file run-v3.cif (mmCIF, C-alpha atoms)
data_query
#
loop_
_atom_site.group_PDB
_atom_site.id
_atom_site.type_symbol
_atom_site.label_atom_id
_atom_site.label_comp_id
_atom_site.auth_asym_id
_atom_site.auth_seq_id
_atom_site.Cartn_x
_atom_site.Cartn_y
_atom_site.Cartn_z
ATOM 1 C CA MET A 38 -24.724 2.789 39.822
ATOM 2 C CA PRO A 39 -21.625 3.038 37.612
ATOM 3 C CA THR A 40 -20.313 6.419 36.606
ATOM 4 C CA GLU A 41 -18.747 6.988 33.218
ATOM 5 C CA ILE A 42 -15.597 9.135 33.204
ATOM 6 C CA PHE A 43 -13.293 10.441 30.509
ATOM 7 C CA CYS A 44 -9.494 9.928 30.518
ATOM 8 C CA PRO A 45 -7.742 13.177 29.524
ATOM 9 C CA HIS A 46 -4.599 11.290 28.398
ATOM 10 C CA CYS A 47 -5.988 8.812 25.868
ATOM 11 C CA GLN A 48 -9.401 10.459 25.279
ATOM 12 C CA GLN A 49 -11.309 7.242 26.077
ATOM 13 C CA SER A 50 -14.320 6.967 28.336
ATOM 14 C CA PHE A 51 -14.890 4.110 30.773
ATOM 15 C CA GLU A 52 -17.138 3.199 33.669
ATOM 16 C CA VAL A 53 -16.262 3.102 37.367
ATOM 17 C CA ASN A 54 -18.510 1.884 40.146
ATOM 18 C CA GLU A 55 -19.479 3.945 43.197
ATOM 19 C CA LEU A 56 -16.676 2.548 45.363
ATOM 20 C CA GLN A 57 -14.046 3.481 42.788
ATOM 21 C CA SER A 58 -15.466 6.955 42.263
ATOM 22 C CA THR A 59 -13.864 8.128 45.525
ATOM 23 C CA GLN A 60 -10.460 6.517 44.794
ATOM 24 C CA GLN A 61 -7.804 6.530 42.122
ATOM 25 C CA VAL A 62 -8.243 4.103 39.216
ATOM 26 C CA ASN A 63 -6.115 2.969 36.307
ATOM 27 C CA CYS A 64 -7.393 3.826 32.871
ATOM 28 C CA PRO A 65 -8.068 0.497 31.091
ATOM 29 C CA THR A 66 -6.698 1.867 27.808
ATOM 30 C CA CYS A 67 -3.520 3.771 28.715
ATOM 31 C CA GLN A 68 -2.990 2.345 32.245
ATOM 32 C CA ARG A 69 -2.390 5.778 33.793
ATOM 33 C CA LEU A 70 -3.432 6.389 37.370
ATOM 34 C CA LEU A 71 -6.374 8.801 37.490
ATOM 35 C CA PRO A 72 -7.888 10.473 40.558
ATOM 36 C CA THR A 73 -11.571 9.907 39.859
ATOM 37 C CA ALA A 74 -12.745 12.619 42.244
ATOM 38 C CA SER A 75 -11.087 15.326 40.131
ATOM 39 C CA LEU A 76 -12.359 13.983 36.788
ATOM 40 C CA PRO A 77 -15.686 15.243 35.549
ATOM 41 C CA PRO A 78 -18.202 12.534 34.697
ATOM 42 C CA VAL A 79 -18.987 12.067 31.033
ATOM 43 C CA VAL A 80 -22.543 12.804 30.178
ATOM 44 C CA GLN A 81 -22.308 10.871 26.905
ATOM 45 C CA ALA A 82 -19.776 8.212 25.962
ATOM 46 C CA VAL A 83 -18.549 10.329 23.082
ATOM 47 C CA ASN A 84 -14.917 11.035 22.353
ATOM 48 C CA PRO A 85 -14.659 14.699 21.308
ATOM 49 C CA TYR A 86 -11.541 13.884 19.283
ATOM 50 C CA ALA A 87 -12.975 10.789 17.562
ATOM 51 C CA GLU A 88 -13.882 12.573 14.346
ATOM 52 C CA ALA A 89 -10.436 14.165 14.031
ATOM 53 C CA GLN A 90 -8.726 10.832 14.841
ATOM 54 C CA GLN A 91 -10.755 9.055 12.164
ATOM 55 C CA ALA A 92 -9.840 11.696 9.593
ATOM 56 C CA VAL A 93 -6.136 11.370 10.435
ATOM 57 C CA GLN A 94 -6.329 7.565 10.235
ATOM 58 C CA ALA A 95 -8.127 7.754 6.893
ATOM 59 C CA ARG A 96 -5.444 10.055 5.476
ATOM 60 C CA ALA A 97 -2.663 7.848 6.837
ATOM 61 C CA SER A 98 -4.185 4.696 5.331
ATOM 62 C CA VAL A 99 -4.002 6.247 1.860
ATOM 63 C CA PHE A 100 -0.233 6.622 2.121
ATOM 64 C CA THR A 101 0.474 3.354 3.919
ATOM 65 C CA PRO A 102 0.479 0.360 1.563
ATOM 66 C CA SER A 103 -0.813 -2.904 2.977
ATOM 67 C CA ALA A 104 -1.530 -6.346 1.584
ATOM 68 C CA SER A 105 -5.271 -6.133 2.131
ATOM 69 C CA SER A 106 -5.828 -2.663 0.677
ATOM 70 C CA PRO A 107 -3.077 -1.575 -1.699
ATOM 71 C CA SER A 108 -2.667 2.143 -2.154
ATOM 72 C CA TYR A 109 -1.464 1.725 -5.721
ATOM 73 C CA ASP A 110 -3.568 2.371 -8.766
ATOM 74 C CA PRO A 111 -4.953 -0.963 -10.090
ATOM 75 C CA ALA A 112 -3.816 -0.149 -13.626
ATOM 76 C CA LEU A 113 -0.321 0.560 -12.340
ATOM 77 C CA ARG A 114 -0.341 -2.731 -10.397
ATOM 78 C CA MET A 115 -1.257 -4.564 -13.599
ATOM 79 C CA LEU A 116 1.639 -3.040 -15.545
ATOM 80 C CA LEU A 117 4.397 -2.956 -12.934
ATOM 81 C CA PRO A 118 5.503 -5.943 -10.843
ATOM 82 C CA ILE A 119 4.375 -4.466 -7.505
ATOM 83 C CA ASP A 120 4.222 -7.201 -4.820
ATOM 84 C CA ARG A 121 4.647 -9.861 -7.515
ATOM 85 C CA SER A 122 6.421 -13.162 -7.071
ATOM 86 C CA LEU A 123 9.657 -13.178 -9.049
ATOM 87 C CA TRP A 124 8.861 -16.745 -10.080
ATOM 88 C CA ALA A 125 5.558 -15.527 -11.569
ATOM 89 C CA ILE A 126 7.328 -12.803 -13.524
ATOM 90 C CA ALA A 127 9.817 -15.349 -14.906
ATOM 91 C CA ALA A 128 6.975 -17.780 -15.734
ATOM 92 C CA GLY A 129 5.163 -15.034 -17.639
ATOM 93 C CA TYR A 130 8.190 -14.153 -19.739
ATOM 94 C CA PHE A 131 9.051 -17.771 -20.416
ATOM 95 C CA GLY A 132 5.396 -18.262 -21.364
ATOM 96 C CA LEU A 133 5.786 -15.518 -23.972
ATOM 97 C CA PHE A 134 8.983 -17.033 -25.318
ATOM 98 C CA SER A 135 7.492 -20.541 -25.329
ATOM 99 C CA VAL A 136 6.253 -19.738 -28.840
ATOM 100 C CA LEU A 137 9.777 -20.738 -29.813
ATOM 101 C CA CYS A 138 8.936 -24.174 -28.312
ATOM 102 C CA PHE A 139 12.177 -24.866 -26.428
ATOM 103 C CA PRO A 140 11.380 -22.605 -23.376
ATOM 104 C CA ALA A 141 7.903 -24.163 -23.050
ATOM 105 C CA PRO A 142 8.776 -26.865 -20.469
ATOM 106 C CA ILE A 143 10.712 -24.290 -18.445
ATOM 107 C CA SER A 144 7.668 -22.004 -18.315
ATOM 108 C CA ILE A 145 5.556 -24.899 -16.981
ATOM 109 C CA ILE A 146 8.057 -25.545 -14.197
ATOM 110 C CA LEU A 147 8.385 -21.842 -13.339
ATOM 111 C CA GLY A 148 4.600 -21.438 -13.289
ATOM 112 C CA VAL A 149 4.154 -24.283 -10.814
ATOM 113 C CA VAL A 150 6.961 -22.937 -8.599
ATOM 114 C CA ALA A 151 5.383 -19.464 -8.757
ATOM 115 C CA LEU A 152 1.971 -20.757 -7.660
ATOM 116 C CA ARG A 153 3.560 -22.542 -4.698
ATOM 117 C CA ASP A 154 5.513 -19.375 -3.779
ATOM 118 C CA ILE A 155 2.352 -17.253 -3.923
ATOM 119 C CA LYS A 156 0.457 -19.751 -1.767
ATOM 120 C CA LYS A 157 3.256 -19.797 0.853
ATOM 121 C CA SER A 158 3.297 -15.989 1.104
ATOM 122 C CA ASN A 159 -0.241 -15.869 2.627
ATOM 123 C CA GLY A 160 -1.487 -13.059 0.410
ATOM 124 C CA GLN A 161 1.690 -10.958 0.492
ATOM 125 C CA LYS A 162 2.664 -11.788 -3.103
ATOM 126 C CA HIS A 163 0.566 -11.682 -6.230
ATOM 127 C CA GLY A 164 1.042 -12.855 -9.805
ATOM 128 C CA ALA A 165 -1.074 -16.006 -10.074
ATOM 129 C CA GLY A 166 -2.341 -14.811 -13.463
ATOM 130 C CA ARG A 167 1.186 -14.599 -14.822
ATOM 131 C CA ALA A 168 2.002 -18.020 -13.375
ATOM 132 C CA TRP A 169 -1.071 -19.593 -14.996
ATOM 133 C CA PHE A 170 -0.230 -17.851 -18.275
ATOM 134 C CA GLY A 171 3.220 -19.466 -18.187
ATOM 135 C CA ILE A 172 1.706 -22.885 -17.451
ATOM 136 C CA VAL A 173 -0.919 -22.668 -20.208
ATOM 137 C CA MET A 174 1.477 -21.330 -22.840
ATOM 138 C CA GLY A 175 4.094 -23.897 -21.836
ATOM 139 C CA CYS A 176 1.592 -26.747 -22.154
ATOM 140 C CA LEU A 177 0.259 -25.435 -25.451
ATOM 141 C CA PHE A 178 3.652 -25.045 -27.082
ATOM 142 C CA SER A 179 4.947 -28.313 -25.637
ATOM 143 C CA ILE A 180 2.070 -30.259 -27.157
ATOM 144 C CA LEU A 181 1.804 -28.318 -30.431
ATOM 145 C CA PRO A 182 5.140 -29.573 -31.942
ATOM 146 C CA LEU A 183 4.187 -33.145 -31.024
ATOM 147 C CA VAL A 184 0.844 -32.770 -32.826
ATOM 148 C CA PHE A 185 2.557 -31.357 -35.938
ATOM 149 C CA TRP A 186 5.138 -34.142 -35.879
ATOM 150 C CA LEU A 187 2.340 -36.731 -35.544
ATOM 151 C CA LEU A 188 0.370 -35.177 -38.439
ATOM 152 C CA ILE A 189 3.461 -35.162 -40.660
ATOM 153 C CA ALA A 190 4.195 -38.794 -39.796
ATOM 154 C CA ILE A 191 0.599 -39.820 -40.589
ATOM 155 C CA GLU A 192 0.636 -37.900 -43.886
ATOM 156 C CA GLN A 193 3.928 -39.483 -44.974
ATOM 157 C CA GLY A 194 2.614 -42.911 -44.000
ATOM 158 C CA MET A 195 -0.332 -42.451 -46.374
ATOM 159 C CA ARG A 196 1.898 -41.766 -49.383
#
call {"tool": "encode", "arguments": {"input": "run-v3.cif", "output": "structure tokens"}}
result
Amino acid sequence: MPTEIFCPHCQQSFEVNELQSTQQVNCPTCQRLLPTASLPPVVQAVNPYAEAQQAVQARASVFTPSASSPSYDPALRMLLPIDRSLWAIAAGYFGLFSVLCFPAPISIILGVVALRDIKKSNGQKHGAGRAWFGIVMGCLFSILPLVFWLLIAIEQGMR
């Protein structure tokens, strides 16, 4: 029948069989050599430090930014370019200035480059909304002057 023992070094419990209970064994977690005869058997497979370790890990995760769970305020992330692709930022600004019509094709190009950059980063960079904004505004203000020019040409042809 296996006996469950507790490693005092890494605070993990593990099972040893009857033959190993009279020898020394390596802890499977920390790989330290343990004399099993001197270790008390664990009545329950409960780590007495588990609750404290979970609390420390929870506190540490709040201060450690990661790609999957950012520690920044969502409103702050929306306003500041935190983890944003620089191409997406440029596409967004050129999308704003595309109202002047001449930066419109540039914003389309920058938006496409930004989307490719975001896709290559495997979730490390954000900013797809800004990139799409640049593409849409660039398309809109690239087509709009052509439509006005066409309407003016049709109107003058009717006179």
call {"tool": "atom_distance", "arguments": {"input": "run-v3.cif", "atom1": "CA of Ser144 in chain A", "atom2": "CA of Ala125 in chain A"}}
result
9.6 Å
call {"tool": "closest_residue", "arguments": {"input": "run-v3.cif", "among": "A:Leu70, A:Ile126, A:Ile119, A:Ile143", "to": "Met174 in chain A", "atoms": "all atoms listed in the file"}}
result
A:Ile143
call {"tool": "residues_around", "arguments": {"input": "run-v3.cif", "residues": "Lys162 in chain A", "least_positions_apart": "5", "cutoff": "10 Å", "atoms": "all atoms listed in the file", "output": "list in words"}}
result
Ala104, Ile119, Asp120, Arg121, Ser122, Leu123, Ala125, Ala151, Asp154, Ile155, Lys156 and Lys157 of chain A
call {"tool": "resolve_selection", "arguments": {"input": "run-v3.cif", "expression": "the PyMOL selection byres ((chain A and resi 178) around 10)", "output": "PDB file with C-alpha atoms, keeping the file's coordinate frame"}}
result
ATOM      1  CA  GLY A 132       5.396 -18.262 -21.364  1.00  0.00           C
ATOM      2  CA  PHE A 134       8.983 -17.033 -25.318  1.00  0.00           C
ATOM      3  CA  SER A 135       7.492 -20.541 -25.329  1.00  0.00           C
ATOM      4  CA  VAL A 136       6.253 -19.738 -28.840  1.00  0.00           C
ATOM      5  CA  LEU A 137       9.777 -20.738 -29.813  1.00  0.00           C
ATOM      6  CA  CYS A 138       8.936 -24.174 -28.312  1.00  0.00           C
ATOM      7  CA  PHE A 139      12.177 -24.866 -26.428  1.00  0.00           C
ATOM      8  CA  PRO A 140      11.380 -22.605 -23.376  1.00  0.00           C
ATOM      9  CA  ALA A 141       7.903 -24.163 -23.050  1.00  0.00           C
ATOM     10  CA  PRO A 142       8.776 -26.865 -20.469  1.00  0.00           C
ATOM     11  CA  VAL A 173      -0.919 -22.668 -20.208  1.00  0.00           C
ATOM     12  CA  MET A 174       1.477 -21.330 -22.840  1.00  0.00           C
ATOM     13  CA  GLY A 175       4.094 -23.897 -21.836  1.00  0.00           C
ATOM     14  CA  CYS A 176       1.592 -26.747 -22.154  1.00  0.00           C
ATOM     15  CA  LEU A 177       0.259 -25.435 -25.451  1.00  0.00           C
ATOM     16  CA  SER A 179       4.947 -28.313 -25.637  1.00  0.00           C
ATOM     17  CA  ILE A 180       2.070 -30.259 -27.157  1.00  0.00           C
ATOM     18  CA  LEU A 181       1.804 -28.318 -30.431  1.00  0.00           C
ATOM     19  CA  PRO A 182       5.140 -29.573 -31.942  1.00  0.00           C
ATOM     20  CA  LEU A 183       4.187 -33.145 -31.024  1.00  0.00           C
TER      21      LEU A 183
END
call {"tool": "atom_distance", "arguments": {"input": "run-v3.cif", "atom1": "CA of Leu116 in chain A", "atom2": "CA of Ile146 in chain A"}}
result
23.4 Å
call {"tool": "closest_residue", "arguments": {"input": "run-v3.cif", "among": "A:Cys47, A:Ile42, A:Ile189, A:Val149", "to": "Val62 in chain A", "atoms": "all atoms listed in the file"}}
result
A:Ile42
call {"tool": "closest_residue", "arguments": {"input": "run-v3.cif", "among": "A:Ile191, A:Asn54, A:Pro118, A:Gln61", "to": "Thr40 in chain A", "atoms": "all atoms listed in the file"}}
result
A:Asn54
call {"tool": "axis_aligned_box", "arguments": {"input": "run-v3.cif", "around": "range 160-163 of chain A", "padding_each_side": "4 Å", "output": "AutoDock Vina command-line options"}}
result
--center_x 0.6 --center_y -12.0 --center_z -2.9 --size_x 12.2 --size_y 10.1 --size_z 14.7
call {"tool": "atom_distance", "arguments": {"input": "run-v3.cif", "atom1": "CA of Leu152 in chain A", "atom2": "CA of Ala112 in chain A"}}
result
22.2 Å
call {"tool": "build_atoms", "arguments": {"input": "run-v3.cif", "residues": "range 129-140 of chain A", "atoms": "all heavy atoms", "output": "compact mmCIF listing (two decimals), in the coordinates of the input"}}
result
# COMPACT_ATOMS: atom_id res chain seq x y z
N GLY A 129 5.85 -15.80 -16.61
CA GLY A 129 5.16 -15.03 -17.64
C GLY A 129 6.03 -14.78 -18.85
O GLY A 129 5.61 -14.94 -20.00
N TYR A 130 7.29 -14.41 -18.61
CA TYR A 130 8.19 -14.15 -19.74
C TYR A 130 8.54 -15.44 -20.48
O TYR A 130 8.59 -15.47 -21.71
CB TYR A 130 9.45 -13.43 -19.28
CG TYR A 130 9.22 -11.95 -19.08
CD1 TYR A 130 9.32 -11.37 -17.84
CD2 TYR A 130 8.87 -11.15 -20.16
CE1 TYR A 130 9.09 -10.02 -17.66
CE2 TYR A 130 8.64 -9.80 -19.99
CZ TYR A 130 8.75 -9.24 -18.74
OH TYR A 130 8.51 -7.91 -18.57
N PHE A 131 8.78 -16.52 -19.74
CA PHE A 131 9.05 -17.77 -20.42
C PHE A 131 7.81 -18.26 -21.16
O PHE A 131 7.93 -18.93 -22.19
CB PHE A 131 9.55 -18.84 -19.43
CG PHE A 131 11.05 -18.84 -19.28
CD1 PHE A 131 11.67 -18.03 -18.35
CD2 PHE A 131 11.84 -19.65 -20.08
CE1 PHE A 131 13.04 -18.02 -18.21
CE2 PHE A 131 13.21 -19.66 -19.95
CZ PHE A 131 13.81 -18.84 -19.01
N GLY A 132 6.62 -17.94 -20.65
CA GLY A 132 5.40 -18.26 -21.36
C GLY A 132 5.31 -17.53 -22.69
O GLY A 132 4.87 -18.08 -23.70
N LEU A 133 5.75 -16.26 -22.71
CA LEU A 133 5.79 -15.52 -23.97
C LEU A 133 6.77 -16.13 -24.95
O LEU A 133 6.49 -16.28 -26.14
CB LEU A 133 6.17 -14.06 -23.71
CG LEU A 133 5.12 -13.16 -23.08
CD1 LEU A 133 5.72 -11.81 -22.75
CD2 LEU A 133 3.94 -13.00 -24.02
N PHE A 134 7.94 -16.49 -24.45
CA PHE A 134 8.98 -17.03 -25.32
C PHE A 134 8.76 -18.51 -25.64
O PHE A 134 9.49 -19.08 -26.44
CB PHE A 134 10.36 -16.83 -24.70
CG PHE A 134 10.77 -15.39 -24.64
CD1 PHE A 134 11.13 -14.82 -23.44
CD2 PHE A 134 10.79 -14.60 -25.78
CE1 PHE A 134 11.50 -13.49 -23.37
CE2 PHE A 134 11.15 -13.27 -25.72
CZ PHE A 134 11.51 -12.71 -24.52
N SER A 135 7.75 -19.14 -25.04
CA SER A 135 7.49 -20.54 -25.33
C SER A 135 6.96 -20.74 -26.74
O SER A 135 6.87 -21.87 -27.22
CB SER A 135 6.54 -21.14 -24.31
OG SER A 135 5.27 -20.56 -24.42
N VAL A 136 6.64 -19.65 -27.43
CA VAL A 136 6.25 -19.74 -28.84
C VAL A 136 7.40 -20.34 -29.64
O VAL A 136 7.19 -20.99 -30.65
CB VAL A 136 5.87 -18.34 -29.37
CG1 VAL A 136 5.58 -18.35 -30.85
CG2 VAL A 136 4.67 -17.80 -28.60
N LEU A 137 8.61 -20.16 -29.15
CA LEU A 137 9.78 -20.74 -29.81
C LEU A 137 9.94 -22.23 -29.50
O LEU A 137 10.86 -22.86 -29.99
CB LEU A 137 11.04 -19.99 -29.38
CG LEU A 137 11.05 -18.48 -29.64
CD1 LEU A 137 12.27 -17.84 -29.03
CD2 LEU A 137 10.97 -18.21 -31.13
N CYS A 138 9.06 -22.76 -28.69
CA CYS A 138 8.94 -24.17 -28.31
C CYS A 138 9.96 -24.67 -27.30
O CYS A 138 9.62 -25.43 -26.43
CB CYS A 138 8.94 -25.09 -29.53
SG CYS A 138 7.48 -24.84 -30.56
N PHE A 139 11.22 -24.31 -27.39
CA PHE A 139 12.18 -24.87 -26.43
C PHE A 139 12.03 -24.30 -25.01
O PHE A 139 12.31 -25.02 -24.06
CB PHE A 139 13.62 -24.75 -26.94
CG PHE A 139 14.16 -23.38 -27.03
CD1 PHE A 139 14.79 -22.79 -25.94
CD2 PHE A 139 14.06 -22.64 -28.20
CE1 PHE A 139 15.30 -21.51 -26.01
CE2 PHE A 139 14.57 -21.37 -28.28
CZ PHE A 139 15.19 -20.80 -27.18
N PRO A 140 11.57 -23.04 -24.77
CA PRO A 140 11.38 -22.60 -23.38
C PRO A 140 10.06 -23.07 -22.76
O PRO A 140 9.80 -22.82 -21.59
CB PRO A 140 11.39 -21.08 -23.45
CG PRO A 140 11.73 -20.71 -24.83
CD PRO A 140 11.51 -21.90 -25.67
